[in-house]
Amino acid sequence: MDLFYLKNAALYQSYVDKVDPTEPQAHFSNVPLQATEEKDNDNPNMTISVRIRPMLEDDIASGFPRAVYPRPHDSTAKHQTIDLHDLYNHPRRPRPILRSSTHKLQKVFDAGASTAQVYDEVVRDLVLSAVKGKLGTLFAYGQTSSGKTFTVTELQKLAVSELVDRQAELYITVVELSGNVAFDLLKQRERIAVREDASGTTRLVGALDQRVSGKEQAVELLEKAMSFRRAAPTLKNPASSRSHCICRIRVVQPTSPEQGYLYMIDLAGSEAARDVAEHGPETMRETRDNNVSLSVLKDCIRQRALAASSKKKVHVPVRGSTLTKVLKHVFDPKVSQECKTVVIACVNPSLGDVSSSKNTLRYAELLGKMD
């Protein structure tokens, strides 16, 4: 497929240059010809956002054009829009045609947006919730090499910096989930157990809950933990994250009767089977397990949102994966502690990754729909 895109890169770019996103066109596969009113069905405690990473030197040198185009932000609209352009080799056409789709999300951060801007606009509220004794949860999702781990790592540093400035008492736990197995990254990847106690609360048995007293200590602790994270090469990334990484920051404030929790989760890179097809059975199994857990996560997020808006009893499949077991408090409707959730879908803008980018954007859109 890469050769097809490279061979037709000039043709593709000529198509894209002629696109007027304000006019409905036949090549937009999921846009009605007449504008429809946006439904106000967003979960008020959830923000779904997208971060588009810059085109890297390797992307440009390889000859792939850009495929992901955010539209100018309309301050009157409830959502922001991204256009995604692909090239399709139509069997009854003399040459490839343009096939486009449009995706609407609450927040879109283009390549020019800094991590500080992302923090200010969607993450700071999570930190403030934790300070007030509530729950804040951040998920970063996307294809490997989309800037996901970089984004989470930098957001963690900004979060602990603000928490220290607010004179909160902080305790940090960093856990890696590889399939159904959990490891403590603060204890040099020592294996730990994920168990439910008699009250149904999930416990990370054996995990270190390290108190930190300053910014430098917190950042050093996080960097040390990341050095033990499992990674393996794939066709798309020589150091792809092969696991989910959960950073839990427990916040104790003398002014709050309840402890707050901030969870910052770097989900394993989502990959198609073709991207790991040349690798061994262990890598293939990891990919399969990761994809299953991401599917269960999507179901839990959507069912939890439905439970919040419905009077009927809603089943949330928290026991469907180890990841959702650890995050049971986020999804369990019985938990009284208020929880705010932010999802950052990270996207690679290159045409060579257009299929994965489309899947990421579709996944993000599904998370935001409550109907």
# chains A, B, ... in the order shown; residues from 1 in each chain; ligands from 1

$ select_by_dssp --residues "range 129-276 of chain A" --states "strand (DSSP E)" --output "NGL selection string"
:A and (135-142 or 169-178 or 181-184 or 190-196 or 202-205 or 210-212 or 231-232 or 240-241 or 244-252 or 260-266)

$ residues_around --residues "range 104-114 of chain A" --least-positions-apart "4" --cutoff "10 Å" --atoms "only C-alpha atoms" --output "ChimeraX atom specification"
/A:38,42,46-55,68-71,73,77-83,118-122,151,344-349,361-362,364-365,368

$ residues_around --residues "Arg230 in chain A" --least-positions-apart "4" --cutoff "12 Å" --atoms "only C-alpha atoms" --output "JSON, numbers by chain"
{"A": [175, 176, 177, 178, 179, 182, 183, 184, 185, 188, 189, 225, 226, 239, 240, 241, 242, 243, 244, 245, 268, 269, 283, 286]}

$ write_last_selection --atoms "N, CA and C atoms" --output "mmCIF file, in the first residue's frame"
data_model
loop_
_atom_site.group_PDB
_atom_site.id
_atom_site.type_symbol
_atom_site.label_atom_id
_atom_site.label_comp_id
_atom_site.auth_asym_id
_atom_site.auth_seq_id
_atom_site.Cartn_x
_atom_site.Cartn_y
_atom_site.Cartn_z
ATOM 1 N N VAL A 175 2.400 1.537 37.104
ATOM 2 C CA VAL A 175 2.196 0.114 36.829
ATOM 3 C C VAL A 175 2.107 -0.116 35.328
ATOM 4 N N GLU A 176 2.719 -1.189 34.879
ATOM 5 C CA GLU A 176 2.633 -1.601 33.480
ATOM 6 C C GLU A 176 1.759 -2.845 33.379
ATOM 7 N N LEU A 177 0.851 -2.845 32.410
ATOM 8 C CA LEU A 177 0.011 -4.012 32.151
ATOM 9 C C LEU A 177 0.381 -4.582 30.791
ATOM 10 N N SER A 178 0.871 -5.796 30.805
ATOM 11 C CA SER A 178 1.226 -6.489 29.573
ATOM 12 C C SER A 178 0.338 -7.721 29.472
ATOM 13 N N GLY A 179 -0.683 -7.633 28.629
ATOM 14 C CA GLY A 179 -1.686 -8.699 28.610
ATOM 15 C C GLY A 179 -2.442 -8.698 29.926
ATOM 16 N N ALA A 182 0.693 -7.762 35.465
ATOM 17 C CA ALA A 182 1.010 -6.411 35.927
ATOM 18 C C ALA A 182 2.415 -6.359 36.513
ATOM 19 N N PHE A 183 3.093 -5.233 36.266
ATOM 20 C CA PHE A 183 4.451 -5.035 36.767
ATOM 21 C C PHE A 183 4.557 -3.650 37.399
ATOM 22 N N ASP A 184 5.360 -3.560 38.456
ATOM 23 C CA ASP A 184 5.597 -2.287 39.129
ATOM 24 C C ASP A 184 6.858 -1.659 38.542
ATOM 25 N N LEU A 185 6.697 -0.545 37.843
ATOM 26 C CA LEU A 185 7.843 0.101 37.206
ATOM 27 C C LEU A 185 8.679 0.910 38.190
ATOM 28 N N GLN A 188 11.596 -1.688 39.470
ATOM 29 C CA GLN A 188 12.369 -2.315 38.395
ATOM 30 C C GLN A 188 11.597 -3.448 37.715
ATOM 31 N N ARG A 189 10.333 -3.173 37.450
ATOM 32 C CA ARG A 189 9.446 -4.092 36.726
ATOM 33 C C ARG A 189 9.203 -5.400 37.488
ATOM 34 N N ALA A 225 10.829 5.242 36.131
ATOM 35 C CA ALA A 225 9.806 4.226 35.876
ATOM 36 C C ALA A 225 9.697 3.922 34.386
ATOM 37 N N MET A 226 9.725 4.970 33.556
ATOM 38 C CA MET A 226 9.576 4.775 32.113
ATOM 39 C C MET A 226 10.735 3.983 31.513
ATOM 40 N N ALA A 239 10.752 1.347 18.668
ATOM 41 C CA ALA A 239 10.614 1.201 20.127
ATOM 42 C C ALA A 239 9.153 1.396 20.510
ATOM 43 N N SER A 240 8.298 0.541 19.983
ATOM 44 C CA SER A 240 6.862 0.650 20.222
ATOM 45 C C SER A 240 6.504 0.178 21.630
ATOM 46 N N SER A 241 5.631 0.927 22.292
ATOM 47 C CA SER A 241 5.151 0.521 23.614
ATOM 48 C C SER A 241 4.271 -0.708 23.460
ATOM 49 N N ARG A 242 4.664 -1.787 24.094
ATOM 50 C CA ARG A 242 3.933 -3.045 23.955
ATOM 51 C C ARG A 242 3.037 -3.304 25.162
ATOM 52 N N SER A 243 2.685 -2.252 25.874
ATOM 53 C CA SER A 243 1.929 -2.432 27.112
ATOM 54 C C SER A 243 1.155 -1.161 27.421
ATOM 55 N N HIS A 244 0.217 -1.280 28.363
ATOM 56 C CA HIS A 244 -0.454 -0.110 28.915
ATOM 57 C C HIS A 244 0.340 0.350 30.140
ATOM 58 N N CYS A 245 0.472 1.642 30.300
ATOM 59 C CA CYS A 245 1.190 2.177 31.459
ATOM 60 C C CYS A 245 0.256 3.096 32.239
ATOM 61 N N ALA A 268 -1.301 1.124 25.189
ATOM 62 C CA ALA A 268 -0.402 0.488 24.226
ATOM 63 C C ALA A 268 -0.732 0.964 22.817
ATOM 64 N N GLY A 269 0.291 1.081 21.992
ATOM 65 C CA GLY A 269 0.080 1.515 20.617
ATOM 66 C C GLY A 269 -0.832 0.560 19.874
ATOM 67 N N THR A 283 4.888 -11.290 20.109
ATOM 68 C CA THR A 283 4.462 -9.954 19.699
ATOM 69 C C THR A 283 3.049 -9.980 19.139
ATOM 70 N N GLU A 286 0.714 -10.187 22.047
ATOM 71 C CA GLU A 286 0.617 -8.889 22.709
ATOM 72 C C GLU A 286 -0.324 -7.959 21.944
#

$ atom_distance --atom1 "CA of Val194 in chain A" --atom2 "CA of Ala168 in chain A"
27.4 Å

$ residues_around --residues "range 2-6 of chain A" --least-positions-apart "4" --cutoff "7 Å" --atoms "only C-alpha atoms" --output "MDAnalysis selection string"
chainID A and resid 63:64 352

$ write_last_selection --atoms "N, CA and C atoms" --output "mmCIF file, in the first residue's frame"
data_model
loop_
_atom_site.group_PDB
_atom_site.id
_atom_site.type_symbol
_atom_site.label_atom_id
_atom_site.label_comp_id
_atom_site.auth_asym_id
_atom_site.auth_seq_id
_atom_site.Cartn_x
_atom_site.Cartn_y
_atom_site.Cartn_z
ATOM 1 N N GLY A 63 8.412 10.889 1.303
ATOM 2 C CA GLY A 63 7.576 11.293 0.175
ATOM 3 C C GLY A 63 6.087 11.223 0.421
ATOM 4 N N PHE A 64 5.675 10.908 1.654
ATOM 5 C CA PHE A 64 4.243 10.826 1.939
ATOM 6 C C PHE A 64 3.662 12.218 2.184
ATOM 7 N N GLY A 352 0.786 7.733 4.657
ATOM 8 C CA GLY A 352 1.190 6.344 4.847
ATOM 9 C C GLY A 352 0.517 5.677 6.027
#

$ residues_around --residues "Ala305 in chain A" --least-positions-apart "6" --cutoff "12 Å" --atoms "only C-alpha atoms" --output "list in words"
Asn41, Asp42, Asn43, Pro44, Asn45, Met46, Thr47, Lys298, Asp299, Val314, His315, Val316, Val330, Phe331, Asp332, Pro333, Cys339, Lys340, Thr341, Leu366, Leu367, Gly368, Lys369, Met370 and Asp371 of chain A

$ select_by_dssp --residues "range 44-282 of chain A" --states "helix (DSSP H, G or I)" --output "PyMOL selection string"
chain A and resi 57-62+115-131+148-165+185-187+215-226+273-276+281-282

$ write_last_selection --atoms "C-alpha atoms" --output "short mmCIF file (atom, residue, chain, number, x, y, z; two decimals), in the first residue's frame"
data_model
loop_
_atom_site.label_atom_id
_atom_site.label_comp_id
_atom_site.auth_asym_id
_atom_site.auth_seq_id
_atom_site.Cartn_x
_atom_site.Cartn_y
_atom_site.Cartn_z
CA GLU A 57 11.56 14.71 8.81
CA ASP A 58 11.29 10.98 8.11
CA ASP A 59 7.68 11.42 6.93
CA ILE A 60 8.66 14.22 4.56
CA ALA A 61 11.80 12.46 3.33
CA SER A 62 9.81 9.31 2.54
CA THR A 115 1.79 20.30 25.23
CA ALA A 116 1.28 23.20 27.64
CA GLN A 117 -1.76 24.25 25.58
CA VAL A 118 -3.14 20.71 25.71
CA TYR A 119 -2.63 20.72 29.48
CA ASP A 120 -4.32 24.09 29.97
CA GLU A 121 -7.35 23.27 27.85
CA VAL A 122 -8.19 19.68 28.78
CA VAL A 123 -5.97 18.32 31.57
CA ARG A 124 -5.85 21.02 34.23
CA ASP A 125 -9.49 20.37 35.19
CA LEU A 126 -8.54 16.76 35.99
CA VAL A 127 -5.76 17.96 38.28
CA LEU A 128 -8.09 20.38 40.04
CA SER A 129 -10.62 17.57 40.51
CA ALA A 130 -7.97 15.47 42.23
CA VAL A 131 -7.05 18.42 44.46
CA LYS A 148 1.18 9.31 22.42
CA THR A 149 3.91 8.46 24.94
CA PHE A 150 5.59 11.84 24.47
CA THR A 151 2.28 13.60 25.15
CA VAL A 152 1.52 11.65 28.32
CA THR A 153 5.06 11.98 29.67
CA GLU A 154 5.07 15.75 29.29
CA LEU A 155 1.55 16.08 30.71
CA GLN A 156 2.61 14.06 33.77
CA LYS A 157 5.43 16.52 34.43
CA LEU A 158 3.08 19.49 34.15
CA ALA A 159 0.54 17.81 36.43
CA VAL A 160 2.98 17.00 39.24
CA SER A 161 4.45 20.48 38.95
CA GLU A 162 1.07 22.08 39.53
CA LEU A 163 0.19 19.68 42.34
CA VAL A 164 3.45 20.48 44.13
CA ASP A 165 2.79 24.21 43.67
CA LEU A 185 7.84 0.10 37.21
CA LEU A 186 8.97 1.79 40.43
CA LYS A 187 10.41 -1.54 41.56
CA LYS A 215 9.03 18.59 41.42
CA GLU A 216 12.51 17.28 40.72
CA GLN A 217 11.95 14.14 42.77
CA ALA A 218 8.61 13.48 41.07
CA VAL A 219 9.99 13.96 37.55
CA GLU A 220 13.04 11.81 38.32
CA LEU A 221 10.77 9.08 39.68
CA LEU A 222 8.58 9.12 36.55
CA GLU A 223 11.57 9.05 34.21
CA LYS A 224 13.09 6.13 36.10
CA ALA A 225 9.81 4.23 35.88
CA MET A 226 9.58 4.77 32.11
CA ALA A 273 -1.84 -7.23 12.27
CA ARG A 274 0.11 -6.34 9.10
CA ASP A 275 2.34 -4.00 11.12
CA VAL A 276 3.55 -6.89 13.27
CA PRO A 281 4.11 -15.28 18.26
CA GLU A 282 4.76 -13.31 21.47
#

$ residues_around --residues "Cys300 in chain A" --least-positions-apart "2" --cutoff "8 Å" --atoms "only C-alpha atoms" --output "list in words"
Val296, Leu297, Lys298, Arg302, Gln303, Arg304, Val316, Pro317, Val318, Thr324 and Phe331 of chain A

$ atom_distance --atom1 "CA of Arg250 in chain A" --atom2 "CA of Ala193 in chain A"
19.4 Å

$ atom_distance --atom1 "CA of Ala67 in chain A" --atom2 "CA of Ser295 in chain A"
25.4 Å
